[in-house]
4 protein chains.
Amino acid sequence: MIGVIIGTNRPNSASRKVGIYYQKLLESLGAKSQLIDLATLPEDFAFSALYHNYGKNDLFNEFQTIVDTTHKFVFVVPEYNGSFPGVLKTFLDGLRYPDSFHYKKAALVGVSSGVQGNVAGLGHLNDILSYMETDVMGLRIKLGRIWEHFDGEDFNPRDPNDAKAQHVCNIYKRFLERQAKELIAF
Amino acid sequence: MIGVIIGTNRPNSASRKVGIYYQKLLESLGAKSQLIDLATLPEDFAFSALYHNYGKNDLFNEFQTIVDTTHKFVFVVPEYNGSFPGVLKTFLDGLRYPDSFHYKKAALVGVSSGVQGNVAGLGHLNDILSYMETDVMGLRIKLGRIWEHFDGEDFNPRDPNDAKAQHVCNIYKRFLERQAKELIAF
Amino acid sequence: MIGVIIGTNRPNSASRKVGIYYQKLLESLGAKSQLIDLATLPEDFAFSALYHNYGKNDLFNEFQTIVDTTHKFVFVVPEYNGSFPGVLKTFLDGLRYPDSFHYKKAALVGVSSGVQGNVAGLGHLNDILSYMETDVMGLRIKLGRIWEHFDGEDFNPRDPNDAKAQHVCNIYKRFLERQAKELIAF
Amino acid sequence: MIGVIIGTNRPNSASRKVGIYYQKLLESLGAKSQLIDLATLPEDFAFSALYHNYGKNDLFNEFQTIVDTTHKFVFVVPEYNGSFPGVLKTFLDGLRYPDSFHYKKAALVGVSSGVQGNVAGLGHLNDILSYMETDVMGLRIKLGRIWEHFDGEDFNPRDPNDAKAQHVCNIYKRFLERQAKELIAF
């Protein structure tokens, strides 16, 4: 079972859609997965689950349980302000340490409307996951200009006659498949 | 007016106490300051102020107004999971872009119970502030082993006979004073 | 006097050409500059100037003297293996510490044939310059796909009919001018 | 066969001694290793092997051959100017891309005379190794205040009566052993 963490709480985000694409990809490769969607966190978790109701926020504890029983993760992470969303780190800060993530494996996918595909944010996230003693796959995927290359379900160019964009779509699909296969074997 | 941002929402945090120390330091140097304490954010701001009530969360808008009218900042930032708290980035993600922080100045102070004084987290935060076009002072202060060197009000060794710890306290005080002076002139 | 550091020792590099463009830009704004080109370092400096002939490598000492007498720098830095060239860090490692760069100012320009404009490498470099107590301007310029947007002398699209590339060229020029003006005032 | 890369060309460095300690540790666990010591690189390699004699520097090619035939690495990396030595990145820049490091595994050890054990430099290095598609073990070891805890051969406190330092020595040894075991199984 692979946990696909959607790294934002934005409703109906591009990252959520990419996460669902990734789940289908894993399924086609014979691997089961489960979506861990930060948009469904309790709205006050940054205060309740981390501090004044620590350990007793039932909705947050459901997330803790899923993390506890999952040993491989894909993080699909949009770029906000040149890094990953704060809510993702707040989620990690709310989980028990060190056993939530130690001795586990992760793969990283960055998503951005701009060109960079969250390359800097994936570096920051890797530092944090390493601190938590998660082994992170070297192959990080950077999905830049997401809306020119992804139609919400599959990687297709927004302009169907754009050969360059089609080429990028093909590269994105090929690298995601390679990453998914390597994660299954990791 | 210098904004002293407490980079966690933990109640009664070490960083808040260091922030108050920093305010007194600024006052002794003739500079006014204001505490921007993330512990007083509305508890659901990560969902309300960022998404379903965007721009209309009155309590969050008070933070936006303070940021809008402030041009120099000190970030006092504890180390959580090898970086800064997620709530700090969520706060930055909730502010208007790009005018909340562009053409502004900032100084960084890391706080940790361990030895590193959040050196990695200050690097991550600098990347984000640079993205927002804030000029960040080169001199970053790393206050490691905070509870061995800070009594909640001033930098004093926990063990008054510990000459090494006293030496570190002196260094911390000297560097904070140098940073505060440079920030005033920045 | 502004030092324009070419962050690679590759002969005839794109970064060198961008550096010369930057010098002309500074000249047009009334500021003098000097090229500090790592391609002219003594070939064995990583061993000689750092270790067995420390302080006595005359050719390297000329670089030290230029750095000593310069207080503002632009770093033009290509992307090699997802970060900046090792030779740039070796150069910094060979300079005296801490007075070579402390209390100085710097602006960063990344150059890449790929899309990212060395965004990650500029973050790494900023960490190092902060360690050296150089204040780094928040506005970092990322010149991605350099050969589609730069003809070796000016920012022009490789394909003169490519309106998108022309748009990117205009953005690159505008941001470089903004950075140069801010550096002069920094 | 595990390659132990000494990340500096400083003669007789602390990192080299820690690397030899690591080799003995690996041997005690039944794993063979080989030292890859950057102090034995040709002195002009940054110019010769990277540019004017690319592919034809026989001494450098011996390093390339060792890297080609090795699939797991330990990087023992001192902290210079808040990051890793430039010569290490120059070495990586000189190797063939992408096949020198892709589909390979690495573990990171930081070494510093100060407290931080090169935590920031290990993050920068992880970004570069990820770019090269090397899987990096989450557990990074940070050996701060090396000369208070390492006698050149083993981890012993400089002051034999310093119980705190002895405690740190024990932690260092335990974590290095854990990392070595995990690397063998990685």
# chains A, B, ... in the order shown; residues from 1 in each chain; ligands from 1
call {"tool": "closest_atom_pairs", "arguments": {"of": "chain C", "to": "chain D", "cutoff": "7 Å", "atoms": "only C-alpha atoms", "output": "CSV"}}
result
residue,atom,partner,partner_atom,distance
C:Arg10,CA,D:Tyr51,CA,6.7
C:Glu43,CA,D:Asp44,CA,5.0
C:Asp44,CA,D:Asp44,CA,4.4
C:Phe47,CA,D:Glu43,CA,5.9
C:Tyr51,CA,D:Arg10,CA,6.7
C:Tyr80,CA,D:Asp93,CA,6.8
C:Asn81,CA,D:Ile128,CA,6.0
C:Gly82,CA,D:Ile128,CA,5.6
C:Ser83,CA,D:Ile128,CA,6.5
C:Pro85,CA,D:Thr90,CA,6.6
C:Gly86,CA,D:Thr90,CA,4.1
C:Val87,CA,D:Thr90,CA,5.8
C:Leu88,CA,D:Gly86,CA,7.0
C:Lys89,CA,D:Gly86,CA,4.3
C:Thr90,CA,D:Gly86,CA,4.1
C:Asp93,CA,D:Tyr80,CA,6.8
C:His124,CA,D:His124,CA,6.2
C:Ile128,CA,D:Gly82,CA,5.6
C:Tyr131,CA,D:Gly82,CA,5.8
C:Met132,CA,D:Asn81,CA,6.8
call {"tool": "select_by_dssp", "arguments": {"residues": "region 5-186 of chain C", "states": "strand (DSSP E or B)", "output": "number ranges by chain"}}
result
C: 5-6, 33-37, 72-78, 80, 83, 104-111, 134-136, 141-143
call {"tool": "select_by_dssp", "arguments": {"residues": "region 18-119 of chain C", "states": "helix (DSSP H, G or I)", "output": "JSON, numbers by chain"}}
result
{"C": [18, 19, 20, 21, 22, 23, 24, 25, 26, 27, 28, 38, 39, 40, 45, 46, 47, 48, 49, 50, 51, 52, 58, 59, 60, 61, 62, 63, 64, 65, 66, 67, 68, 86, 87, 88, 89, 90, 91, 92, 93, 94, 119]}
call {"tool": "write_last_selection", "arguments": {"atoms": "N, CA and C atoms", "output": "tab-separated table (two decimals), in the first residue's frame"}}
result
chain	number	residue	atom	x	y	z
C	18	VAL	N	26.96	36.65	-20.45
C	18	VAL	CA	25.93	37.34	-19.67
C	18	VAL	C	26.59	38.35	-18.73
C	19	GLY	N	27.75	38.00	-18.20
C	19	GLY	CA	28.48	38.92	-17.33
C	19	GLY	C	28.88	40.19	-18.06
C	20	ILE	N	29.31	40.04	-19.30
C	20	ILE	CA	29.69	41.23	-20.08
C	20	ILE	C	28.45	42.07	-20.40
C	21	TYR	N	27.31	41.38	-20.69
C	21	TYR	CA	26.05	42.11	-20.85
C	21	TYR	C	25.75	42.92	-19.57
C	22	TYR	N	25.95	42.29	-18.43
C	22	TYR	CA	25.65	42.94	-17.15
C	22	TYR	C	26.56	44.15	-16.95
C	23	GLN	N	27.82	43.99	-17.36
C	23	GLN	CA	28.74	45.14	-17.23
C	23	GLN	C	28.26	46.34	-18.05
C	24	LYS	N	27.80	46.06	-19.28
C	24	LYS	CA	27.29	47.16	-20.13
C	24	LYS	C	26.06	47.80	-19.49
C	25	LEU	N	25.22	46.95	-18.92
C	25	LEU	CA	24.02	47.44	-18.23
C	25	LEU	C	24.42	48.37	-17.08
C	26	LEU	N	25.39	47.92	-16.28
C	26	LEU	CA	25.84	48.76	-15.16
C	26	LEU	C	26.43	50.06	-15.68
C	27	GLU	N	27.20	49.98	-16.76
C	27	GLU	CA	27.81	51.19	-17.33
C	27	GLU	C	26.72	52.17	-17.77
C	28	SER	N	25.66	51.64	-18.40
C	28	SER	CA	24.57	52.51	-18.86
C	28	SER	C	23.86	53.18	-17.69
C	38	LEU	N	36.59	33.32	-13.32
C	38	LEU	CA	37.24	32.16	-12.72
C	38	LEU	C	38.00	31.33	-13.76
C	39	ALA	N	37.74	31.57	-15.05
C	39	ALA	CA	38.50	30.86	-16.08
C	39	ALA	C	39.96	31.28	-16.10
C	40	THR	N	40.28	32.40	-15.44
C	40	THR	CA	41.67	32.86	-15.43
C	40	THR	C	42.38	32.52	-14.11
C	45	PHE	N	44.97	25.95	-8.50
C	45	PHE	CA	44.69	26.75	-7.30
C	45	PHE	C	44.00	25.94	-6.20
C	46	ALA	N	43.20	24.93	-6.57
C	46	ALA	CA	42.47	24.15	-5.55
C	46	ALA	C	43.42	23.43	-4.61
C	47	PHE	N	44.63	23.17	-5.07
C	47	PHE	CA	45.64	22.52	-4.23
C	47	PHE	C	46.67	23.54	-3.74
C	48	SER	N	47.14	24.36	-4.66
C	48	SER	CA	48.20	25.30	-4.32
C	48	SER	C	47.70	26.42	-3.40
C	49	ALA	N	46.70	27.16	-3.86
C	49	ALA	CA	46.26	28.34	-3.11
C	49	ALA	C	45.55	27.95	-1.83
C	50	LEU	N	44.91	26.78	-1.81
C	50	LEU	CA	44.18	26.38	-0.60
C	50	LEU	C	45.09	25.68	0.41
C	51	TYR	N	46.12	24.97	-0.07
C	51	TYR	CA	46.89	24.15	0.86
C	51	TYR	C	48.41	24.35	0.77
C	52	HIS	N	49.08	23.72	-0.20
C	52	HIS	CA	50.53	23.61	-0.04
C	52	HIS	C	51.27	24.91	-0.32
C	58	ASP	N	50.82	33.84	-6.14
C	58	ASP	CA	50.69	35.24	-6.56
C	58	ASP	C	49.49	35.48	-7.46
C	59	LEU	N	49.27	34.55	-8.38
C	59	LEU	CA	48.13	34.73	-9.28
C	59	LEU	C	46.82	34.72	-8.50
C	60	PHE	N	46.71	33.78	-7.54
C	60	PHE	CA	45.49	33.74	-6.73
C	60	PHE	C	45.38	35.00	-5.87
C	61	ASN	N	46.51	35.48	-5.37
C	61	ASN	CA	46.48	36.67	-4.52
C	61	ASN	C	45.96	37.90	-5.26
C	62	GLU	N	46.13	37.91	-6.58
C	62	GLU	CA	45.54	39.02	-7.34
C	62	GLU	C	44.01	38.99	-7.22
C	63	PHE	N	43.44	37.79	-7.25
C	63	PHE	CA	41.99	37.67	-7.04
C	63	PHE	C	41.62	38.15	-5.63
C	64	GLN	N	42.43	37.72	-4.66
C	64	GLN	CA	42.16	38.13	-3.27
C	64	GLN	C	42.15	39.65	-3.16
C	65	THR	N	43.10	40.30	-3.81
C	65	THR	CA	43.19	41.76	-3.74
C	65	THR	C	41.97	42.42	-4.36
C	66	ILE	N	41.53	41.89	-5.50
C	66	ILE	CA	40.34	42.47	-6.14
C	66	ILE	C	39.12	42.31	-5.22
C	67	VAL	N	38.97	41.13	-4.64
C	67	VAL	CA	37.84	40.92	-3.72
C	67	VAL	C	37.95	41.86	-2.52
C	68	ASP	N	39.16	42.02	-2.01
C	68	ASP	CA	39.35	42.88	-0.82
C	68	ASP	C	38.93	44.31	-1.07
C	86	GLY	N	31.41	23.63	-8.96
C	86	GLY	CA	32.29	23.44	-7.82
C	86	GLY	C	33.41	24.46	-7.77
C	87	VAL	N	33.87	24.89	-8.93
C	87	VAL	CA	35.01	25.80	-8.95
C	87	VAL	C	34.67	27.12	-8.25
C	88	LEU	N	33.42	27.53	-8.29
C	88	LEU	CA	33.03	28.78	-7.62
C	88	LEU	C	33.19	28.63	-6.10
C	89	LYS	N	32.72	27.50	-5.57
C	89	LYS	CA	32.87	27.28	-4.12
C	89	LYS	C	34.34	27.12	-3.76
C	90	THR	N	35.11	26.45	-4.60
C	90	THR	CA	36.54	26.30	-4.33
C	90	THR	C	37.21	27.67	-4.28
C	91	PHE	N	36.82	28.54	-5.19
C	91	PHE	CA	37.33	29.92	-5.18
C	91	PHE	C	37.00	30.60	-3.84
C	92	LEU	N	35.74	30.49	-3.41
C	92	LEU	CA	35.35	31.10	-2.12
C	92	LEU	C	36.11	30.46	-0.97
C	93	ASP	N	36.31	29.12	-1.05
C	93	ASP	CA	37.05	28.42	0.01
C	93	ASP	C	38.50	28.90	0.10
C	94	GLY	N	39.05	29.38	-1.01
C	94	GLY	CA	40.45	29.82	-1.03
C	94	GLY	C	40.67	31.22	-0.51
C	119	VAL	N	17.83	27.78	-10.08
C	119	VAL	CA	17.15	28.25	-8.87
C	119	VAL	C	17.67	27.54	-7.61
call {"tool": "closest_atom_pairs", "arguments": {"of": "region 37-113 of chain C", "to": "region 137-147 of chain B", "cutoff": "12 Å", "atoms": "only C-alpha atoms", "output": "JSON lines"}}
result
{"residue": "C:Pro98", "atom": "CA", "partner": "B:Leu139", "partner_atom": "CA", "distance": 11.9}
{"residue": "C:Phe101", "atom": "CA", "partner": "B:Gly138", "partner_atom": "CA", "distance": 10.1}
{"residue": "C:His102", "atom": "CA", "partner": "B:Gly138", "partner_atom": "CA", "distance": 8.4}
{"residue": "C:Tyr103", "atom": "CA", "partner": "B:Gly138", "partner_atom": "CA", "distance": 8.3}
{"residue": "C:Lys104", "atom": "CA", "partner": "B:Gly138", "partner_atom": "CA", "distance": 8.9}
{"residue": "C:Lys105", "atom": "CA", "partner": "B:Gly138", "partner_atom": "CA", "distance": 8.8}
{"residue": "C:Ala106", "atom": "CA", "partner": "B:Gly138", "partner_atom": "CA", "distance": 9.9}
call {"tool": "write_last_selection", "arguments": {"atoms": "N, CA and C atoms", "output": "PDB file, in the first residue's frame"}}
result
ATOM      1  N   PRO C  98      37.107  35.818   7.938  1.00  0.00           N
ATOM      2  CA  PRO C  98      35.801  36.186   7.383  1.00  0.00           C
ATOM      3  C   PRO C  98      35.802  37.496   6.610  1.00  0.00           C
ATOM      4  N   PHE C 101      34.325  38.680   2.516  1.00  0.00           N
ATOM      5  CA  PHE C 101      32.957  38.992   2.077  1.00  0.00           C
ATOM      6  C   PHE C 101      32.070  39.610   3.156  1.00  0.00           C
ATOM      7  N   HIS C 102      32.532  39.681   4.395  1.00  0.00           N
ATOM      8  CA  HIS C 102      31.584  40.190   5.394  1.00  0.00           C
ATOM      9  C   HIS C 102      31.348  41.687   5.211  1.00  0.00           C
ATOM     10  N   TYR C 103      30.150  42.116   5.614  1.00  0.00           N
ATOM     11  CA  TYR C 103      29.696  43.497   5.435  1.00  0.00           C
ATOM     12  C   TYR C 103      29.673  43.905   3.962  1.00  0.00           C
ATOM     13  N   LYS C 104      29.486  42.923   3.067  1.00  0.00           N
ATOM     14  CA  LYS C 104      29.410  43.253   1.643  1.00  0.00           C
ATOM     15  C   LYS C 104      28.026  42.907   1.106  1.00  0.00           C
ATOM     16  N   LYS C 105      27.794  43.245  -0.152  1.00  0.00           N
ATOM     17  CA  LYS C 105      26.481  43.092  -0.779  1.00  0.00           C
ATOM     18  C   LYS C 105      26.623  42.264  -2.050  1.00  0.00           C
ATOM     19  N   ALA C 106      25.596  41.482  -2.353  1.00  0.00           N
ATOM     20  CA  ALA C 106      25.661  40.683  -3.577  1.00  0.00           C
ATOM     21  C   ALA C 106      24.289  40.524  -4.211  1.00  0.00           C
TER      22      ALA C 106
END
call {"tool": "decode", "arguments": {"residues": "region 47-65 of chain D", "atoms": "N, CA and C atoms", "output": "PDB file, in the first residue's frame"}}
result
ATOM      1  N   PHE D  47      40.575  22.241 -14.429  1.00  0.00           N
ATOM      2  CA  PHE D  47      40.724  22.820 -15.765  1.00  0.00           C
ATOM      3  C   PHE D  47      40.971  21.724 -16.807  1.00  0.00           C
ATOM      4  N   SER D  48      41.874  20.802 -16.472  1.00  0.00           N
ATOM      5  CA  SER D  48      42.256  19.770 -17.432  1.00  0.00           C
ATOM      6  C   SER D  48      41.132  18.764 -17.650  1.00  0.00           C
ATOM      7  N   ALA D  49      40.697  18.114 -16.579  1.00  0.00           N
ATOM      8  CA  ALA D  49      39.731  17.019 -16.740  1.00  0.00           C
ATOM      9  C   ALA D  49      38.355  17.541 -17.126  1.00  0.00           C
ATOM     10  N   LEU D  50      38.032  18.780 -16.727  1.00  0.00           N
ATOM     11  CA  LEU D  50      36.706  19.305 -17.065  1.00  0.00           C
ATOM     12  C   LEU D  50      36.683  19.947 -18.444  1.00  0.00           C
ATOM     13  N   TYR D  51      37.801  20.514 -18.894  1.00  0.00           N
ATOM     14  CA  TYR D  51      37.748  21.292 -20.125  1.00  0.00           C
ATOM     15  C   TYR D  51      38.829  20.930 -21.145  1.00  0.00           C
ATOM     16  N   HIS D  52      40.041  21.460 -20.999  1.00  0.00           N
ATOM     17  CA  HIS D  52      40.946  21.406 -22.158  1.00  0.00           C
ATOM     18  C   HIS D  52      41.513  20.026 -22.440  1.00  0.00           C
ATOM     19  N   ASN D  53      41.371  19.121 -21.492  1.00  0.00           N
ATOM     20  CA  ASN D  53      41.831  17.749 -21.747  1.00  0.00           C
ATOM     21  C   ASN D  53      40.720  16.760 -21.392  1.00  0.00           C
ATOM     22  N   TYR D  54      39.496  17.174 -21.639  1.00  0.00           N
ATOM     23  CA  TYR D  54      38.305  16.415 -21.242  1.00  0.00           C
ATOM     24  C   TYR D  54      38.347  14.973 -21.746  1.00  0.00           C
ATOM     25  N   GLY D  55      38.200  14.047 -20.810  1.00  0.00           N
ATOM     26  CA  GLY D  55      38.151  12.623 -21.178  1.00  0.00           C
ATOM     27  C   GLY D  55      39.514  11.996 -21.356  1.00  0.00           C
ATOM     28  N   LYS D  56      40.561  12.814 -21.340  1.00  0.00           N
ATOM     29  CA  LYS D  56      41.894  12.277 -21.634  1.00  0.00           C
ATOM     30  C   LYS D  56      42.897  12.473 -20.501  1.00  0.00           C
ATOM     31  N   ASN D  57      42.387  12.873 -19.333  1.00  0.00           N
ATOM     32  CA  ASN D  57      43.274  13.009 -18.178  1.00  0.00           C
ATOM     33  C   ASN D  57      43.335  11.640 -17.488  1.00  0.00           C
ATOM     34  N   ASP D  58      44.467  10.940 -17.682  1.00  0.00           N
ATOM     35  CA  ASP D  58      44.525   9.540 -17.235  1.00  0.00           C
ATOM     36  C   ASP D  58      44.330   9.390 -15.731  1.00  0.00           C
ATOM     37  N   LEU D  59      44.923  10.302 -14.958  1.00  0.00           N
ATOM     38  CA  LEU D  59      44.768  10.200 -13.511  1.00  0.00           C
ATOM     39  C   LEU D  59      43.310  10.397 -13.100  1.00  0.00           C
ATOM     40  N   PHE D  60      42.654  11.370 -13.748  1.00  0.00           N
ATOM     41  CA  PHE D  60      41.241  11.578 -13.431  1.00  0.00           C
ATOM     42  C   PHE D  60      40.416  10.380 -13.890  1.00  0.00           C
ATOM     43  N   ASN D  61      40.779   9.819 -15.019  1.00  0.00           N
ATOM     44  CA  ASN D  61      40.021   8.672 -15.530  1.00  0.00           C
ATOM     45  C   ASN D  61      40.062   7.478 -14.581  1.00  0.00           C
ATOM     46  N   GLU D  62      41.138   7.380 -13.793  1.00  0.00           N
ATOM     47  CA  GLU D  62      41.154   6.310 -12.792  1.00  0.00           C
ATOM     48  C   GLU D  62      40.030   6.507 -11.769  1.00  0.00           C
ATOM     49  N   PHE D  63      39.783   7.763 -11.405  1.00  0.00           N
ATOM     50  CA  PHE D  63      38.647   8.042 -10.513  1.00  0.00           C
ATOM     51  C   PHE D  63      37.332   7.676 -11.195  1.00  0.00           C
ATOM     52  N   GLN D  64      37.216   8.064 -12.475  1.00  0.00           N
ATOM     53  CA  GLN D  64      35.985   7.741 -13.212  1.00  0.00           C
ATOM     54  C   GLN D  64      35.748   6.229 -13.221  1.00  0.00           C
ATOM     55  N   THR D  65      36.801   5.465 -13.426  1.00  0.00           N
ATOM     56  CA  THR D  65      36.654   4.001 -13.481  1.00  0.00           C
ATOM     57  C   THR D  65      36.195   3.447 -12.133  1.00  0.00           C
TER      58      THR D  65
END
